[in-house]
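Listing of start_7.pdb, PDB, C-alpha atoms
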MODEL        1
ATOM      1  CA  MET J 207      -3.386 -32.701  11.983
ATOM      2  CA  THR J 208      -3.674 -36.426  12.627
ATOM      3  CA  MET J 209      -5.073 -38.585  15.388
ATOM      4  CA  SER J 210      -3.933 -42.023  16.436
ATOM      5  CA  SER J 211      -6.390 -44.959  16.590
ATOM      6  CA  LYS J 212      -6.155 -44.885  20.368
ATOM      7  CA  ASN J 213      -7.035 -41.179  20.522
ATOM      8  CA  PHE J 214      -9.759 -41.620  17.932
ATOM      9  CA  LYS J 215     -11.410 -44.417  19.965
ATOM     10  CA  LYS J 216     -11.052 -42.306  23.083
ATOM     11  CA  THR J 217     -12.714 -39.377  21.331
ATOM     12  CA  SER J 218     -15.544 -41.585  20.080
ATOM     13  CA  LYS J 219     -16.123 -42.969  23.576
ATOM     14  CA  ASN J 220     -16.138 -39.483  25.081
ATOM     15  CA  LEU J 221     -18.620 -38.244  22.517
ATOM     16  CA  SER J 222     -21.028 -41.063  23.254
ATOM     17  CA  SER J 223     -20.810 -40.987  27.047
ATOM     18  CA  GLU J 224     -20.089 -37.408  28.090
ATOM     19  CA  PRO J 225     -21.382 -33.912  27.208
ATOM     20  CA  TYR J 226     -19.361 -32.366  24.421
ATOM     21  CA  THR J 227     -18.943 -28.953  22.821
ATOM     22  CA  PHE J 228     -19.369 -27.976  19.200
ATOM     23  CA  PHE J 229     -15.602 -27.860  18.888
ATOM     24  CA  ASP J 230     -15.333 -31.467  20.135
ATOM     25  CA  PHE J 231     -17.929 -32.508  17.581
ATOM     26  CA  PHE J 232     -16.093 -30.616  14.839
ATOM     27  CA  ILE J 233     -12.834 -32.393  15.683
ATOM     28  CA  PHE J 234     -14.608 -35.763  15.742
ATOM     29  CA  ILE J 235     -16.216 -35.254  12.318
ATOM     30  CA  THR J 236     -12.985 -33.866  10.870
ATOM     31  CA  GLU J 237     -10.983 -36.864  12.048
ATOM     32  CA  LEU J 238     -13.665 -39.246  10.789
ATOM     33  CA  ASN J 239     -13.533 -37.680   7.316
ATOM     34  CA  TYR J 240      -9.768 -37.828   7.416
ATOM     35  CA  ARG J 241      -9.794 -41.554   8.187
ATOM     36  CA  ARG J 242     -12.259 -42.173   5.373
ATOM     37  CA  ASN J 243     -10.628 -40.006   2.682
ATOM     38  CA  LYS J 244      -6.987 -39.997   3.790
ATOM     39  CA  VAL J 245      -6.617 -36.269   2.981
ATOM     40  CA  ALA J 246      -4.480 -33.617   4.674
ATOM     41  CA  LEU J 247      -6.379 -31.268   6.957
ATOM     42  CA  LEU J 248      -5.809 -27.743   8.149
ATOM     43  CA  ASP J 249      -5.583 -27.042  11.821
ATOM     44  CA  PRO J 250      -8.838 -25.433  13.058
ATOM     45  CA  ASN J 251      -6.789 -22.408  14.178
ATOM     46  CA  ASP J 252      -5.864 -21.862  10.516
ATOM     47  CA  ILE J 253      -9.495 -22.067   9.414
ATOM     48  CA  PHE J 254     -11.182 -19.834  11.960
ATOM     49  CA  PHE J 255     -11.036 -16.047  11.650
ATOM     50  CA  THR J 256      -8.195 -14.210  13.364
ATOM     51  CA  PRO J 257      -9.264 -10.671  14.370
ATOM     52  CA  PHE J 258      -7.130  -7.679  13.360
ATOM     53  CA  GLU J 259      -7.475  -3.903  12.944
ATOM     54  CA  PRO J 260      -7.152  -3.029   9.239
ATOM     55  CA  LYS J 261      -5.497   0.033   7.775
ATOM     56  CA  THR J 262      -8.006   2.066   5.757
ATOM     57  CA  LYS J 263      -7.332   4.095   2.617
ATOM     58  CA  ASN J 264      -8.929   7.297   3.928
ATOM     59  CA  ARG J 265      -6.690   7.667   7.003
ATOM     60  CA  PHE J 266      -3.490   9.336   5.810
ATOM     61  CA  VAL J 267      -1.689  12.655   5.799
ATOM     62  CA  MET J 268       1.050  13.768   3.379
ATOM     63  CA  GLU J 269       3.483  16.566   4.172
ATOM     64  CA  ILE J 270       4.988  18.466   1.222
ATOM     65  CA  ASP J 271       6.951  21.630   1.867
ATOM     66  CA  GLY J 272       4.914  24.564   0.496
ATOM     67  CA  ILE J 273       1.653  22.624   0.097
ATOM     68  CA  PRO J 274      -0.792  22.410   3.039
ATOM     69  CA  ALA J 275      -1.348  18.780   4.070
ATOM     70  CA  TYR J 276      -5.142  19.113   3.996
ATOM     71  CA  LEU J 277      -5.039  19.791   0.232
ATOM     72  CA  VAL J 278      -3.809  16.264  -0.534
ATOM     73  CA  LYS J 279      -6.961  14.413  -1.586
ATOM     74  CA  THR J 280      -5.598  11.145  -3.003
ATOM     75  CA  MET J 281      -2.167   9.574  -3.238
ATOM     76  CA  ALA J 282      -0.470   6.320  -4.127
ATOM     77  CA  ARG J 283       1.958   4.466  -1.944
ATOM     78  CA  PRO J 284       5.398   3.730  -3.454
ATOM     79  CA  SER J 285       6.120   0.830  -5.766
ATOM     80  CA  ILE J 286       9.452  -0.599  -6.858
ATOM     81  CA  GLN J 287      10.375  -2.413 -10.051
ATOM     82  CA  PHE J 288      13.454  -4.502 -10.797
ATOM     83  CA  GLU J 289      15.124  -4.901 -14.156
ATOM     84  CA  THR J 290      15.761  -8.455 -15.303
ATOM     85  CA  ILE J 291      19.189  -9.605 -16.478
ATOM     86  CA  THR J 292      19.168 -12.584 -18.839
ATOM     87  CA  LEU J 293      22.037 -15.057 -18.636
ATOM     88  CA  ASP J 294      22.129 -17.190 -21.795
ATOM     89  CA  HIS J 295      23.642 -20.649 -21.665
ATOM     90  CA  ILE J 296      23.485 -23.016 -24.659
ATOM     91  CA  ASN J 297      19.780 -23.970 -24.927
ATOM     92  CA  THR J 298      18.580 -22.332 -21.740
ATOM     93  CA  LYS J 299      18.198 -19.007 -20.032
ATOM     94  CA  ARG J 300      18.341 -18.027 -16.395
ATOM     95  CA  TYR J 301      17.524 -14.704 -14.829
ATOM     96  CA  VAL J 302      18.836 -12.521 -12.054
ATOM     97  CA  LYS J 303      17.785  -9.150 -10.693
ATOM     98  CA  GLY J 304      19.093  -5.984 -12.305
ATOM     99  CA  LYS J 305      18.797  -2.381 -11.177
ATOM    100  CA  ALA J 306      15.963  -1.263  -8.937
ATOM    101  CA  SER J 307      13.712   1.572 -10.028
ATOM    102  CA  TRP J 308      11.170   3.288  -7.781
ATOM    103  CA  GLN J 309       8.087   4.082  -9.819
ATOM    104  CA  PRO J 310       6.443   7.545  -9.993
ATOM    105  CA  ILE J 311       3.432   8.196  -7.774
ATOM    106  CA  SER J 312       0.325  10.215  -8.523
ATOM    107  CA  ILE J 313      -1.363  12.562  -6.078
ATOM    108  CA  THR J 314      -4.475  14.712  -6.379
ATOM    109  CA  LEU J 315      -4.847  18.075  -4.646
ATOM    110  CA  TYR J 316      -7.902  20.130  -3.799
ATOM    111  CA  ASP J 317      -7.690  23.607  -5.347
ATOM    112  CA  PRO J 318      -9.424  26.013  -2.944
ATOM    113  CA  ILE J 319      -9.709  29.759  -3.429
ATOM    114  CA  VAL J 320      -7.632  30.451  -0.321
ATOM    115  CA  PRO J 321      -5.002  29.155  -0.058
ATOM    116  CA  SER J 322      -4.793  28.596  -3.798
ATOM    117  CA  GLY J 323      -3.702  25.057  -4.590
ATOM    118  CA  ALA J 324      -2.729  26.162  -8.100
ATOM    119  CA  GLN J 325      -0.471  28.877  -6.681
ATOM    120  CA  SER J 326       1.194  26.441  -4.291
ATOM    121  CA  VAL J 327       1.914  24.025  -7.134
ATOM    122  CA  ILE J 328       3.143  26.673  -9.571
ATOM    123  CA  GLU J 329       5.614  27.956  -6.985
ATOM    124  CA  TRP J 330       7.141  24.477  -6.857
ATOM    125  CA  VAL J 331       7.029  24.237 -10.667
ATOM    126  CA  ARG J 332       8.999  27.485 -10.909
ATOM    127  CA  LEU J 333      11.814  25.880  -8.939
ATOM    128  CA  HIS J 334      12.045  23.334 -11.767
ATOM    129  CA  HIS J 335      11.594  25.797 -14.642
ATOM    130  CA  GLU J 336      10.722  29.488 -14.855
ATOM    131  CA  SER J 337       8.524  30.129 -17.893
ATOM    132  CA  VAL J 338       9.085  33.903 -17.962
ATOM    133  CA  THR J 339      12.884  33.723 -18.158
ATOM    134  CA  GLY J 340      13.312  30.209 -19.537
ATOM    135  CA  ARG J 341      15.736  29.346 -16.746
ATOM    136  CA  ASP J 342      15.893  25.931 -15.096
ATOM    137  CA  GLY J 343      16.654  25.360 -11.449
ATOM    138  CA  TYR J 344      19.356  23.306  -9.788
ATOM    139  CA  SER J 345      18.195  19.970  -8.391
ATOM    140  CA  ASP J 346      18.910  21.261  -4.877
ATOM    141  CA  PHE J 347      16.175  23.849  -5.471
ATOM    142  CA  TYR J 348      13.325  21.641  -6.722
ATOM    143  CA  LYS J 349      13.954  18.198  -5.180
ATOM    144  CA  LYS J 350      12.206  17.657  -1.843
ATOM    145  CA  ASP J 351      11.932  14.946   0.767
ATOM    146  CA  ILE J 352       8.263  14.092   1.293
ATOM    147  CA  THR J 353       6.805  12.288   4.305
ATOM    148  CA  PHE J 354       3.397  10.691   4.583
ATOM    149  CA  ASN J 355       1.735   8.688   7.326
ATOM    150  CA  VAL J 356      -1.018   6.107   7.454
ATOM    151  CA  LEU J 357      -3.148   6.754  10.532
ATOM    152  CA  GLY J 358      -4.973   4.544  13.003
ATOM    153  CA  PRO J 359      -8.576   5.074  14.165
ATOM    154  CA  VAL J 360      -7.607   7.635  16.840
ATOM    155  CA  GLY J 361      -5.128   9.553  14.662
ATOM    156  CA  ASP J 362      -2.050   7.577  15.738
ATOM    157  CA  LYS J 363       0.694   7.116  13.152
ATOM    158  CA  VAL J 364       0.855   3.428  12.232
ATOM    159  CA  GLU J 365       2.973   3.678   9.076
ATOM    160  CA  GLU J 366       5.463   6.279   7.844
ATOM    161  CA  TRP J 367       7.162   6.630   4.456
ATOM    162  CA  THR J 368       9.812   9.072   3.305
ATOM    163  CA  LEU J 369      10.244   9.809  -0.410
ATOM    164  CA  LYS J 370      13.790  11.027  -1.003
ATOM    165  CA  GLY J 371      14.508  13.607  -3.692
ATOM    166  CA  ALA J 372      10.967  13.976  -5.043
ATOM    167  CA  PHE J 373      10.208  16.351  -7.917
ATOM    168  CA  ILE J 374       7.358  17.032 -10.344
ATOM    169  CA  THR J 375       7.331  15.218 -13.677
ATOM    170  CA  GLU J 376       3.799  16.336 -14.552
ATOM    171  CA  ALA J 377       1.456  18.988 -13.165
ATOM    172  CA  ASN J 378      -2.066  18.842 -14.592
ATOM    173  CA  PHE J 379      -4.416  21.621 -13.510
ATOM    174  CA  ASN J 380      -7.336  19.691 -15.039
ATOM    175  CA  GLU J 381     -10.456  20.869 -16.797
ATOM    176  CA  LEU J 382     -13.283  23.219 -15.869
ATOM    177  CA  ASP J 383     -16.852  22.604 -17.013
ATOM    178  CA  PHE J 384     -19.955  24.854 -17.071
ATOM    179  CA  ALA J 385     -22.136  21.749 -16.675
ATOM    180  CA  SER J 386     -20.412  20.412 -13.552
ATOM    181  CA  SER J 387     -20.422  21.516  -9.918
ATOM    182  CA  GLU J 388     -17.586  19.193  -8.877
ATOM    183  CA  VAL J 389     -14.681  20.723  -7.008
ATOM    184  CA  ALA J 390     -11.613  21.713  -8.993
ATOM    185  CA  ASP J 391      -8.499  19.667  -8.374
ATOM    186  CA  ILE J 392      -4.911  19.325  -9.521
ATOM    187  CA  ALA J 393      -3.116  16.115 -10.492
ATOM    188  CA  LEU J 394       0.620  15.737  -9.856
ATOM    189  CA  THR J 395       2.999  12.988 -10.881
ATOM    190  CA  LEU J 396       6.106  12.794  -8.721
ATOM    191  CA  GLN J 397       9.365  10.999  -9.360
ATOM    192  CA  TYR J 398      11.746  10.319  -6.478
ATOM    193  CA  ASP J 399      15.116   8.672  -5.986
ATOM    194  CA  TYR J 400      13.992   6.050  -3.488
ATOM    195  CA  ALA J 401      11.538   5.447  -0.675
ATOM    196  CA  ILE J 402      12.089   4.449   2.943
ATOM    197  CA  LEU J 403       9.459   2.725   5.055
ATOM    198  CA  GLN J 404      10.321   4.087   8.497
ATOM    199  CA  PHE J 405       7.771   1.934  10.342
TER     200      PHE J 405
ENDMDL
END
Would you mind writing the structure in this file as structure tokens?
Amino acid sequence: MTMSSKNFKKTSKNLSSEPYTFFDFFIFITELNYRRNKVALLDPNDIFFTPFEPKTKNRFVMEIDGIPAYLVKTMARPSIQFETITLDHINTKRYVKGKASWQPISITLYDPIVPSGAQSVIEWVRLHHESVTGRDGYSDFYKKDITFNVLGPVGDKVEEWTLKGAFITEANFNELDFASSEVADIALTLQYDYAILQF
């Protein structure tokens, strides 16, 4: 933001002869410093706070077929990673993007007595692999599409993700401890083919 000599003199005159606001004074001092130091200045609109309603980490709901949504205690949003392809040329290298890979996410479940969180998880695990018979399941059996929403203050859906083809890569039923009264929980690691941000 710059001010011509004419405008600067006009501003100075106005400040000395007429009532002025704090904003007028701020502009005057800013322009004076600019003339003295010859430095670039931000527009006041870029400096002052712009109000917005933030998303908060505690407002979410995740829907997994076979697992009640209220059991999902913590979860991670998706992340994507790109491979790097190196192109060698004489004494230099340049790089381009390779394949994309959606990274696994971790979720934590409450494990109540009823309905049993452990039972809900083990039923999904059995679609991957049945320990009693040693049989594995087809991917159509164990892969699921998972949806989760970030919520606004009144429960409105402000963000929606869909994880396509999700399945369990690790199910950890965690430890128990005579010396602790913390609630029991279950940790899951899920791999998926790709994620879609619906809105």
Explicit residues for the PyMOL selection byres ((chain J and resi 301) around 12) (as a ChimeraX atom specification): /J:288-295,298-300,302-304
Picked residues, the PyMOL selection byres ((chain J and resi 322-324) around 9), as a PyMOL selection string: chain J and resi 273-274+277+315-321+325-329+379+391-392
For J:Ile402, the nearest of the candidates J:Leu238, J:Ile352, J:Ile253, J:Ile233, counting all atoms listed in the file: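 With all atoms listed in the file as the atom set, the closest residue is J:Ile352.
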Distance query J:Glu366 at most 9 Å, all atoms listed in the file, self and fewer than 4 positions along chain excluded, as an MDAnalysis selection string: chainID J and resid 353:356 402:405
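The residue set within 7 Å of J:Gln309, counting all atoms listed in the file and dropping same-chain residues fewer than 2 places from it, reads Pro284, Ser285, Ile286, Gln287, Ser307 and Ile311 of chain J.
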Interatomic distance, atom CA of J:Met281 to atom CA of J:Gly361 (Å, one decimal): 18.1 Å
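What separates atom CA of J:Val364 from atom CA of J:Glu269 is a distance of 15.6 Å.
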Among the residues J:His334, J:Lys279, J:Lys370, J:Lys363, the one that comes closest to J:Lys261 [using only C-alpha atoms]: J:Lys363
Identify, on the basis of all atoms listed in the file, every residue whose closest approach to J:Thr280 does not exceed 10 Å; exclude the query and any residue fewer than 5 positions from it along the same chain; express the result as a short mmCIF file (atom, residue, chain, number, x, y, z; two decimals) with C-alpha atoms, keeping the file's coordinate frame.
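The new file part27.cif reads:
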data_model
loop_
_atom_site.label_atom_id
_atom_site.label_comp_id
_atom_site.auth_asym_id
_atom_site.auth_seq_id
_atom_site.Cartn_x
_atom_site.Cartn_y
_atom_site.Cartn_z
CA LYS J 263 -7.33 4.10 2.62
CA ASN J 264 -8.93 7.30 3.93
CA PHE J 266 -3.49 9.34 5.81
CA VAL J 267 -1.69 12.66 5.80
CA MET J 268 1.05 13.77 3.38
CA SER J 312 0.32 10.22 -8.52
CA ILE J 313 -1.36 12.56 -6.08
CA THR J 314 -4.47 14.71 -6.38
CA LEU J 315 -4.85 18.08 -4.65
CA TYR J 316 -7.90 20.13 -3.80
CA ALA J 393 -3.12 16.11 -10.49
#
Atom CA of J:Phe229 to atom CA of J:Asn251, straight-line distance in Å: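 Between atom CA of J:Asn251 and atom CA of J:Phe229 the gap is 11.4 Å.
Considering all atoms listed in the file, the residue among J:Lys350, J:Val278, J:Val360, J:Arg332 positioned nearest to J:Leu394 is J:Val278.
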Residues matched by the PyMOL selection byres ((chain J and resi 345) around 12) as a ChimeraX atom specification: /J:333-335,342-344,346-350,371-374,398-399
